[in-house]
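This report refers to the structure that appears directly beneath it.
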Amino acid sequence: MKLDLAIEELHRSENELYTVLLSMSDRHKVDHEVFHVTRDMSTWSHRHVAELAEAGREFGLELDPEARNSQGLIEALQQKTSELTGRRSAPGLLLLADLRHLYREASGTSLDWELLAQGAQGGKNKELLDLAERCHPQTLRVARWANAKLKESSPQVLNS
Amino acid sequence: MRREMVGSCEELAACAGRVGGRRVDDEEVPVPRRDRIAEPWGTRTPYGPGETWPRRVDSYLDGDLTEDDVDRWVQSASILHSNGDGIDIAVKDGRIVGVRGRAEDRVNHGRLDPKDLFGWQANNSPDRLTRPLIRRDGKLVETDWDTAMDAVVGRVKELLEEQGPSAIGFYTTGQLFIEDYYTLGLVAHGGIGTNHVDGNTRLCTATAAAALKESFACDGQPGSYTDVDHADVIALYGHNVAETQTVLWTRMLDRLAGPNPPKLVVVDPRLTPVAKAATVHLAPRPGTNVMLMNALLHEILRNGWYDEAYVEAHAVGFDELQKQMEKYPPEVAAEVCDVPAERIREAARLIGTAERLMSTVLQGFYQSHQATAAAVCVNNIHIVRGMLGKPGCGLLQMNGQPTAENTRECGADGDLPGFRNWDNDDHVADLARIWNIEQIRIPHYAPPTHAMQIFRYAEEGSIRFLWIIGTNPAVTLPELQRVRAILGQERLFVVVQDIFPTETTQFADVVLPAATWGEKTGTFTNADRTVHLSEKAVEPPGEARPDMEVFLDFAHRLGLTDKDGEPLVKWSDPEGAFEGWKECSRGRPCDYTGMSYARLRGSGGIQWPCNDEHPDGAERLYADGRFFADAGYCEEYGRDMVTGAPVSETEYKALNPDGKAVLKAAEYLPPHELPSEEFPFQLITGRTLYHFHTRTKTGRAPQLQAAAREVWVEMSASDAAGGGLGEGDLLEITTPRGRVEARLRVSGIRPGVVFLPFHYGYWDTDGADGAGDGHGRAANELTVTDWDPVSKQPIFKTAAAAVRRIAFSDGVPSAAPTTTSAPVAGSPPPTTGGSAGEAVELVGGRS
């Protein structure tokens with residue numbers, strides 16, 4: 001039985017996704033849709049972390065139910081930098097790089113959910129399967145957004 | 001001003017009854033007049049369910065003129081709101097001298113709203129733009145059309161050479177005609193090949209379109225105004241119809257005054273005239289619409305008030321909807337929305353048990369947090385109740401502007417023309433065939449760029465040429481300090497095409513004087529798909545030109561051609577453009593092929609689709625549960641309602657293989673800017689009855705300007721009492737982005753919320769703009785830059801604000817009209833128009 005490892009890993013990657021979303025939000029404060037949508041999506045990861053911590057108890061894990069933004073201290077600085085550099089075109093390239101990074105993070109996390117769901121299926125753990133079915137679609141939505149936003153932004157960034 | 005009689009409302013009504021059916025020119029019969037400033041909705045003509053709305057012909061002529069003095073009447077329709085009222089323009093000696101409602105028009109049955117009655121006077125205003133202007137040594141100076149257009153075309157050519165089409169953006173309006181929009185769409189998308197074309201319709205109607213695309217995979221208004229004649233329950237969601245579409249409200253008032261009146265359910269944080277007439281009024285906290293709607297759906301589903309057979313046959317997504325809605329019982333919503341759970345249940349019961357349910361939605365939803373999700377919830381109600389395509393079962397996702405519908409149809413608001421799907425290669429190929437160009441010239445690599453993103457690209461410097469047509473972003477976009485900074489950039493070439501100098505023309509490099517309503521011929525479509533012809537009545541002033549002619553000139557100077565080397569734009573007059581548009585619309589949901597100028601001339605309006613199948617137009621869409629939602633035909637596959645990411649073709653086909661209606665569950669998210677200790681109030685902004693937009697026209701009509709001459713702020717009695725504030729006190733309203741000064745009207749608005757009308761900018765103040773003198777007047781000094789991720793409509797109705805008194809009233813009342821923003825404290829003088837506000841009303845129509 002190694003489901004605890006899957007939960008622990010997912011807890012880590014959802015927490016990481018949470019951090020990526022928030023720090024990306026702060027870096028693009030003047031790209032208003034990016035700023036707000038990444039923040040809205042971060043609430044999903046926030047909840048996933050809490051639910052995973054709860055689920056982990058059954059397996060003897062003591063996981064932090066509160067998602068932590070490991071970059072919390074510098075967010076204000078990032079927002080300010082964003083405001084100061086928002087009028088230059090370089091942030092366009094930075095946005096593409098960040099979207100690419102987010103897509104990979106979310107896709108990786110999505111795979112971890114896949115692993116957990118498969119493990120839950122095999123172990124006939126209904127609660128864990130429900131958890132995966134509840135949360136996994138939201139992680140996929142993050143990846144889809146990153147992909148869509150990249151498609152939308154790249155023609156302009158690369159042609160100006 | 002001639003005054004044949006003055007009397008009480010009852011006397012007037014009685015008199016009107018007598019006059020009906022007689023000749024107006026009969027000297028013996030007094031002409032019934034009414035002060036339409038004091039009584040914006042005029043005389044009641046009650047009627048019962050299933051009956052025809054009685055006629056009432058309203059008219060207003062300049063000075064002492066009578067109908068006998070009028071040289072000719074020219075057919076048109078209103079462009080000062082989205083209702084689409086049929087109007088005849090009175091012409092004398094080559095000037096517009098008045099208006100009269102068209103009795104035979106299906107929309108208004110002769111009635112006119114105060115803006116229509118008086119707003120035309122702006123056409124004759126002496127400060128119209130009459131010559132092109134060009135910036136020389138920092139100043140705008142008069143020039144000729146050749147010089148102005150050469151400057152415009154020269155800059156476009158340079159940028160196309162240097163950067164390509166991504167440098168060029170167009171920001172248009174909701175007040176041009178089909179012929180203008182379609183020509184612009186062709187020139188911009190097919191000619192220049194830019195993806196950056198949108199209109200200020202993004203601020204007013206984008207969510208209507210987006211919500212319809214989510215639920216039905218295609219734009220197109222399902223219902224009809226005639227549903228008012230049949231409905232037993234009318235639910236109005238964030239739709240202050242009394243002010244935004246006064247003639248439609250008149251129709252509802254006449255039903256309310258007749259036998260077996262409908263019940264009204266009203267969702268609005270303000271005690272509007274509509275809310276006062278409601279059976280159930282829900283006044284939620286701003287930003288919580290989705291929570292409230294989900295609770296209504298929760299109740300409807302829990303009580304089994306849905307049509308199982310209809311859902312089974314005609315919709316997908318029901319199980320998921322049912323599952324998601326379990327989380328939203330009225331008690332949860334009551335907490336979040338601050339609305340009693342019992343009242344939510346009562347509203348749900350009315351909506352859930354209605355036999356003929358009509359619903360209308362407007363800016364209270366569209367310009368608020370989670371705009372599209374909230375509007376989709378209304379669609380969900382109609383789908384689960386099977387109330388579509390039948391008399392009285394009208395679902396109306398409203399428009400805010402008169403020709404907003406046409407920006408959506410003709411490809412001037414970011415969509416491809418004819419509701420074609422940018423993500424469907426066959427649709428793009430079909431458009432390329434019609435335009436006779438290579439497919440790759442039409443940008444379709446991503447959803448078209450929306451207005452807020454266009455301004456963002458201009459801000460970061462990748463859009464370097466912005467052509468602004470018939471709109472005033474320096475007052476209407478959120479966070480004006482930022483907008484002024486964007487428009488004021490040296491590196492951005494700004495062209496402004498308009499009829500008056502505005503706050504935005506100040507930022508222009510070139511100003512192009514345009515002709516307007518009554519000075520050019522064209523067609524347009526209102527919020528219930530009714531198409532009207534508006535004929536040229538008089539010559540435009542000076543050198544002003546119709547918008548379409550300007551675009552044609554631009555295309556010719558730029559040398560735009562099709563793939564055979566022939567001119568890209570094949571027409572040279574409005575009728576030619578209309579014929580071109582008809583071909584483009586052929587076979588699409590908005591099919592115009594059965595219409596012509598000849599058929600529209602003299603008609604009372606024709607609703608699309610009008611084709612071989614529907615030779616006289618179609619009253620309602622989606623009869624028998626048939627939709628435009630097939631994957632190969634539909635306009636859009638939908639979007640994620642939280643992130644806005646487009647749904648792919650593959651996903652859509654899996655979700656909806658048979659082209660049914662799509663039920664989408666919306667999860668509630670808290671608003672992005674919540675009240676705090678520093679900013680304890682929630683600010684909402686809005687449109688009011690006597691003015692349109694930034695008053696470029698209505699501020700120049702004396703009766704309308706006098707009725708609401710200055711900005712005001714509304715606040716509840718408890719909030720006012722808490723701050724020791726009274727009617728007329730001068731307040732300062734601040735948000736993290738700016739400040740505005742306005743006099744207080746203590747009104748029926750819900751506690752915790754302040755309201756500012758958005759009409760007031762700076763063109764008629766001493767200071768050129770609000771930034772300079774510090775006396776902010778425009779509501780958008782305060783609003784936040786944030787938009788709905790699905791429709792991309794800016795959120796004007798959920799900002800956190802602080803309020804403090806600057807000066808006591810000293811007997812000066814606020815300028816808020818008492819007719820629409822009724823005082824609940826103090827006794828400001830009632831709003832009246834006096835003799836200048838009197839218009840003729842002939843109940844029963846003219847014989």
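In the structure tokens, chains take the letters A, B, ... in the order shown, each chain's residues start at 1, and ligands count up from 1 in the order shown.
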
Please check the contacts: residues of chain A at most 10 Å away from chain B, using only C-alpha atoms, listed as a PDB file with N, CA and C atoms, in the first residue's frame.
```pdb
ATOM      1  N   VAL A  30      -0.606  44.183 -13.719  1.00  0.00           N
ATOM      2  CA  VAL A  30      -1.172  45.098 -14.727  1.00  0.00           C
ATOM      3  C   VAL A  30      -1.801  44.345 -15.903  1.00  0.00           C
ATOM      4  N   ASP A  31      -1.610  43.044 -15.981  1.00  0.00           N
ATOM      5  CA  ASP A  31      -2.398  42.236 -16.922  1.00  0.00           C
ATOM      6  C   ASP A  31      -3.582  41.708 -16.141  1.00  0.00           C
ATOM      7  N   HIS A  32      -4.640  42.511 -16.138  1.00  0.00           N
ATOM      8  CA  HIS A  32      -5.682  42.342 -15.123  1.00  0.00           C
ATOM      9  C   HIS A  32      -6.337  40.976 -15.131  1.00  0.00           C
ATOM     10  N   GLU A  33      -6.543  40.427 -16.327  1.00  0.00           N
ATOM     11  CA  GLU A  33      -7.208  39.124 -16.366  1.00  0.00           C
ATOM     12  C   GLU A  33      -6.308  38.044 -15.772  1.00  0.00           C
ATOM     13  N   VAL A  34      -5.029  38.114 -16.088  1.00  0.00           N
ATOM     14  CA  VAL A  34      -4.075  37.149 -15.530  1.00  0.00           C
ATOM     15  C   VAL A  34      -4.049  37.291 -14.004  1.00  0.00           C
ATOM     16  N   PHE A  35      -3.988  38.524 -13.553  1.00  0.00           N
ATOM     17  CA  PHE A  35      -3.942  38.801 -12.121  1.00  0.00           C
ATOM     18  C   PHE A  35      -5.126  38.150 -11.396  1.00  0.00           C
ATOM     19  N   HIS A  36      -6.337  38.400 -11.912  1.00  0.00           N
ATOM     20  CA  HIS A  36      -7.530  37.921 -11.199  1.00  0.00           C
ATOM     21  C   HIS A  36      -7.786  36.433 -11.402  1.00  0.00           C
ATOM     22  N   VAL A  37      -7.641  35.951 -12.632  1.00  0.00           N
ATOM     23  CA  VAL A  37      -7.985  34.543 -12.888  1.00  0.00           C
ATOM     24  C   VAL A  37      -7.022  33.605 -12.152  1.00  0.00           C
ATOM     25  N   THR A  38      -5.733  33.948 -12.138  1.00  0.00           N
ATOM     26  CA  THR A  38      -4.801  33.085 -11.404  1.00  0.00           C
ATOM     27  C   THR A  38      -5.144  33.078  -9.908  1.00  0.00           C
ATOM     28  N   ARG A  39      -5.560  34.228  -9.396  1.00  0.00           N
ATOM     29  CA  ARG A  39      -5.969  34.271  -7.981  1.00  0.00           C
ATOM     30  C   ARG A  39      -7.210  33.420  -7.746  1.00  0.00           C
ATOM     31  N   ASP A  40      -8.204  33.552  -8.663  1.00  0.00           N
ATOM     32  CA  ASP A  40      -9.417  32.732  -8.515  1.00  0.00           C
ATOM     33  C   ASP A  40      -9.068  31.247  -8.551  1.00  0.00           C
ATOM     34  N   MET A  41      -8.179  30.875  -9.461  1.00  0.00           N
ATOM     35  CA  MET A  41      -7.838  29.457  -9.600  1.00  0.00           C
ATOM     36  C   MET A  41      -7.030  28.958  -8.396  1.00  0.00           C
ATOM     37  N   THR A  43      -7.647  29.453  -5.448  1.00  0.00           N
ATOM     38  CA  THR A  43      -8.546  28.995  -4.375  1.00  0.00           C
ATOM     39  C   THR A  43      -8.838  27.496  -4.529  1.00  0.00           C
ATOM     40  N   THR A  85       6.899  48.220 -14.590  1.00  0.00           N
ATOM     41  CA  THR A  85       7.392  47.772 -15.893  1.00  0.00           C
ATOM     42  C   THR A  85       6.262  47.438 -16.856  1.00  0.00           C
ATOM     43  N   GLY A  86       5.031  47.644 -16.406  1.00  0.00           N
ATOM     44  CA  GLY A  86       3.874  47.228 -17.201  1.00  0.00           C
ATOM     45  C   GLY A  86       3.753  47.911 -18.540  1.00  0.00           C
ATOM     46  N   ARG A  87       4.425  49.026 -18.721  1.00  0.00           N
ATOM     47  CA  ARG A  87       4.317  49.770 -19.966  1.00  0.00           C
ATOM     48  C   ARG A  87       5.343  49.321 -21.001  1.00  0.00           C
ATOM     49  N   ARG A  88       6.192  48.363 -20.616  1.00  0.00           N
ATOM     50  CA  ARG A  88       7.176  47.911 -21.596  1.00  0.00           C
ATOM     51  C   ARG A  88       6.708  46.599 -22.211  1.00  0.00           C
ATOM     52  N   SER A  89       7.273  46.238 -23.345  1.00  0.00           N
ATOM     53  CA  SER A  89       6.771  45.041 -23.997  1.00  0.00           C
ATOM     54  C   SER A  89       7.440  43.768 -23.484  1.00  0.00           C
ATOM     55  N   ALA A  90       8.536  43.905 -22.769  1.00  0.00           N
ATOM     56  CA  ALA A  90       9.190  42.717 -22.223  1.00  0.00           C
ATOM     57  C   ALA A  90       8.264  41.875 -21.348  1.00  0.00           C
ATOM     58  N   PRO A  91       7.342  42.492 -20.566  1.00  0.00           N
ATOM     59  CA  PRO A  91       6.435  41.669 -19.770  1.00  0.00           C
ATOM     60  C   PRO A  91       5.658  40.675 -20.622  1.00  0.00           C
ATOM     61  N   GLY A  92       5.470  40.973 -21.915  1.00  0.00           N
ATOM     62  CA  GLY A  92       4.798  40.028 -22.805  1.00  0.00           C
ATOM     63  C   GLY A  92       5.548  38.709 -22.864  1.00  0.00           C
ATOM     64  N   ARG A 141      -8.455  22.319 -15.445  1.00  0.00           N
ATOM     65  CA  ARG A 141      -8.915  23.632 -15.931  1.00  0.00           C
ATOM     66  C   ARG A 141      -7.785  24.662 -15.865  1.00  0.00           C
ATOM     67  N   VAL A 142      -6.929  24.519 -14.884  1.00  0.00           N
ATOM     68  CA  VAL A 142      -5.776  25.430 -14.795  1.00  0.00           C
ATOM     69  C   VAL A 142      -4.877  25.230 -16.016  1.00  0.00           C
ATOM     70  N   ALA A 143      -4.608  23.965 -16.342  1.00  0.00           N
ATOM     71  CA  ALA A 143      -3.756  23.673 -17.493  1.00  0.00           C
ATOM     72  C   ALA A 143      -4.394  24.190 -18.785  1.00  0.00           C
ATOM     73  N   ARG A 144      -5.700  23.988 -18.914  1.00  0.00           N
ATOM     74  CA  ARG A 144      -6.397  24.445 -20.120  1.00  0.00           C
ATOM     75  C   ARG A 144      -6.346  25.965 -20.231  1.00  0.00           C
ATOM     76  N   TRP A 145      -6.488  26.637 -19.109  1.00  0.00           N
ATOM     77  CA  TRP A 145      -6.434  28.095 -19.151  1.00  0.00           C
ATOM     78  C   TRP A 145      -5.048  28.556 -19.602  1.00  0.00           C
ATOM     79  N   ALA A 146      -4.018  27.945 -19.022  1.00  0.00           N
ATOM     80  CA  ALA A 146      -2.650  28.348 -19.379  1.00  0.00           C
ATOM     81  C   ALA A 146      -2.419  28.148 -20.871  1.00  0.00           C
ATOM     82  N   ASN A 147      -2.898  27.031 -21.371  1.00  0.00           N
ATOM     83  CA  ASN A 147      -2.754  26.738 -22.794  1.00  0.00           C
ATOM     84  C   ASN A 147      -3.502  27.763 -23.646  1.00  0.00           C
ATOM     85  N   ALA A 148      -4.764  28.044 -23.263  1.00  0.00           N
ATOM     86  CA  ALA A 148      -5.589  28.971 -24.041  1.00  0.00           C
ATOM     87  C   ALA A 148      -5.010  30.383 -24.005  1.00  0.00           C
ATOM     88  N   LYS A 149      -4.544  30.789 -22.848  1.00  0.00           N
ATOM     89  CA  LYS A 149      -4.010  32.147 -22.709  1.00  0.00           C
ATOM     90  C   LYS A 149      -2.708  32.281 -23.513  1.00  0.00           C
ATOM     91  N   LEU A 150      -1.953  31.208 -23.548  1.00  0.00           N
ATOM     92  CA  LEU A 150      -0.714  31.205 -24.332  1.00  0.00           C
ATOM     93  C   LEU A 150      -1.033  31.347 -25.822  1.00  0.00           C
ATOM     94  N   LYS A 151      -2.064  30.629 -26.253  1.00  0.00           N
ATOM     95  CA  LYS A 151      -2.481  30.698 -27.665  1.00  0.00           C
ATOM     96  C   LYS A 151      -2.932  32.104 -28.024  1.00  0.00           C
ATOM     97  N   GLU A 152      -3.633  32.720 -27.088  1.00  0.00           N
ATOM     98  CA  GLU A 152      -4.194  34.042 -27.340  1.00  0.00           C
ATOM     99  C   GLU A 152      -3.097  35.120 -27.333  1.00  0.00           C
ATOM    100  N   SER A 153      -2.151  34.998 -26.418  1.00  0.00           N
ATOM    101  CA  SER A 153      -1.170  36.072 -26.229  1.00  0.00           C
ATOM    102  C   SER A 153       0.021  35.972 -27.177  1.00  0.00           C
ATOM    103  N   SER A 154       0.397  34.752 -27.521  1.00  0.00           N
ATOM    104  CA  SER A 154       1.655  34.604 -28.253  1.00  0.00           C
ATOM    105  C   SER A 154       1.687  35.296 -29.617  1.00  0.00           C
ATOM    106  N   PRO A 155       0.596  35.281 -30.401  1.00  0.00           N
ATOM    107  CA  PRO A 155       0.708  35.956 -31.701  1.00  0.00           C
ATOM    108  C   PRO A 155       1.066  37.436 -31.552  1.00  0.00           C
ATOM    109  N   GLN A 156       0.524  38.078 -30.529  1.00  0.00           N
ATOM    110  CA  GLN A 156       0.800  39.505 -30.346  1.00  0.00           C
ATOM    111  C   GLN A 156       2.227  39.726 -29.837  1.00  0.00           C
ATOM    112  N   VAL A 157       2.604  38.905 -28.850  1.00  0.00           N
ATOM    113  CA  VAL A 157       3.934  39.090 -28.261  1.00  0.00           C
ATOM    114  C   VAL A 157       5.023  38.823 -29.299  1.00  0.00           C
ATOM    115  N   LEU A 158       4.816  37.787 -30.097  1.00  0.00           N
ATOM    116  CA  LEU A 158       5.863  37.389 -31.037  1.00  0.00           C
ATOM    117  C   LEU A 158       5.858  38.224 -32.320  1.00  0.00           C
ATOM    118  N   ASN A 159       4.831  39.050 -32.499  1.00  0.00           N
ATOM    119  CA  ASN A 159       4.757  39.868 -33.715  1.00  0.00           C
ATOM    120  C   ASN A 159       4.796  41.354 -33.413  1.00  0.00           C
ATOM    121  N   SER A 160       5.408  41.733 -32.339  1.00  0.00           N
ATOM    122  CA  SER A 160       5.487  43.164 -32.049  1.00  0.00           C
ATOM    123  C   SER A 160       6.830  43.482 -31.424  1.00  0.00           C
TER     124      SER A 160
END
```

Which residues, written as a list in words, have at least one atom at most 10 Å from Asp98 in chain A, with only C-alpha atoms counted and residues fewer than 6 positions away on the same chain left out?
Val20, Leu21, Ser23, Met24, Ser25, Arg27, His28, Gly92, Arg104, Ala146 and Leu150 of chain A

Using the chain letters and numbers from this document, which residues of range 1-129 of chain A does DSSP assign to alpha helix (DSSP H), as number ranges by chain?
A: 3-27, 32-57, 75-85, 90-122, 126-129

So what do you get for CA of Gly138 in chain B versus CA of Ala555 in chain B, distance-wise?
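These atoms are spaced 27.9 Å apart.
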
Selection near Asp64 in chain A, 12 Å with only C-alpha atoms, sequence-local residues under 4 positions removed, as a list in words
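The neighbour list is Glu8, His11, Arg12, Glu14, Asn15, His46, Arg47, His48, Val49, Ala50, Glu51, Leu52, Ala53, Glu54, Ala55, Gly56, Arg57 and Arg68 of chain A.
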
Which one is closest to His230 in chain B: B:Asp62, B:Glu51, B:Asp113, B:Glu583? Count only C-alpha atoms.
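Nearest to His230 in chain B: B:Glu51.
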
Find the spatial neighbours of Val531 in chain B, counting only C-alpha atoms, within a cut-off of 7 Å - ignore same-chain residues fewer than 2 positions away - and output them as a ChimeraX atom specification.
/B:523-526,529,533,605-607

What does the distance between CA of Glu479 in chain B and CA of Arg687 in chain B come to in Å, to one decimal place?
17.5 Å

Contacts of His136 in chain A at 8 Å (only C-alpha atoms; same-chain gap of 3+ positions) as a ChimeraX atom specification:
/A:110,113-114,132-133,139-140

File dump, residues just selected, C-alpha atoms, as a PDB file, in the first residue's frame:
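Okay, this is what ended up in part-v8.pdb:
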```pdb
ATOM      1  CA  SER A 110      -2.966  16.577 -13.066  1.00  0.00           C
ATOM      2  CA  TRP A 113      -4.284  13.193  -9.549  1.00  0.00           C
ATOM      3  CA  GLU A 114      -4.454  10.534 -12.234  1.00  0.00           C
ATOM      4  CA  ALA A 132      -9.918  12.821  -7.079  1.00  0.00           C
ATOM      5  CA  GLU A 133     -13.087  13.161  -9.141  1.00  0.00           C
ATOM      6  CA  THR A 139      -6.459  21.163 -11.904  1.00  0.00           C
ATOM      7  CA  LEU A 140      -7.100  20.330 -15.549  1.00  0.00           C
TER       8      LEU A 140
END
```

If you run DSSP on the backbone here, which positions in range 595-671 of chain B get strand (DSSP E)? Please write them as a PyMOL selection string.
chain B and resi 606-607+661-662

Written selection (N, CA and C atoms) as a short mmCIF file (atom, residue, chain, number, x, y, z; two decimals), in the first residue's frame:
```
data_model
loop_
_atom_site.label_atom_id
_atom_site.label_comp_id
_atom_site.auth_asym_id
_atom_site.auth_seq_id
_atom_site.Cartn_x
_atom_site.Cartn_y
_atom_site.Cartn_z
N ILE B 606 -38.96 44.09 -39.07
CA ILE B 606 -38.97 42.65 -39.39
C ILE B 606 -37.91 41.97 -38.54
N GLN B 607 -38.30 40.85 -37.93
CA GLN B 607 -37.34 40.12 -37.07
C GLN B 607 -36.60 39.07 -37.88
N ALA B 661 -29.50 22.17 -26.17
CA ALA B 661 -29.17 23.27 -25.27
C ALA B 661 -28.24 22.74 -24.17
N VAL B 662 -27.36 23.61 -23.69
CA VAL B 662 -26.35 23.18 -22.73
C VAL B 662 -26.65 23.79 -21.36
#
```

As a CSV table (one decimal) with C-alpha atoms, in the first residue's frame, please: the residues near range 514-522 of chain B (cut-off 6 Å, only C-alpha atoms, same-chain neighbours under 6 positions excluded).
```
chain,number,residue,atom,x,y,z
B,177,PHE,CA,-25.6,50.9,-38.7
B,498,ASP,CA,-17.4,61.3,-33.9
B,499,ILE,CA,-20.0,64.0,-34.2
B,533,LEU,CA,-34.5,51.0,-41.8
B,534,SER,CA,-33.4,54.5,-40.9
B,535,GLU,CA,-33.5,56.8,-43.9
B,536,LYS,CA,-31.5,60.0,-44.4
B,537,ALA,CA,-33.7,62.9,-43.6
B,538,VAL,CA,-31.3,65.9,-43.9
B,539,GLU,CA,-27.8,66.7,-45.0
B,540,PRO,CA,-25.0,66.3,-42.5
B,544,ALA,CA,-19.3,65.6,-41.9
B,545,ARG,CA,-19.5,62.2,-43.7
B,546,PRO,CA,-21.4,59.0,-43.0
```
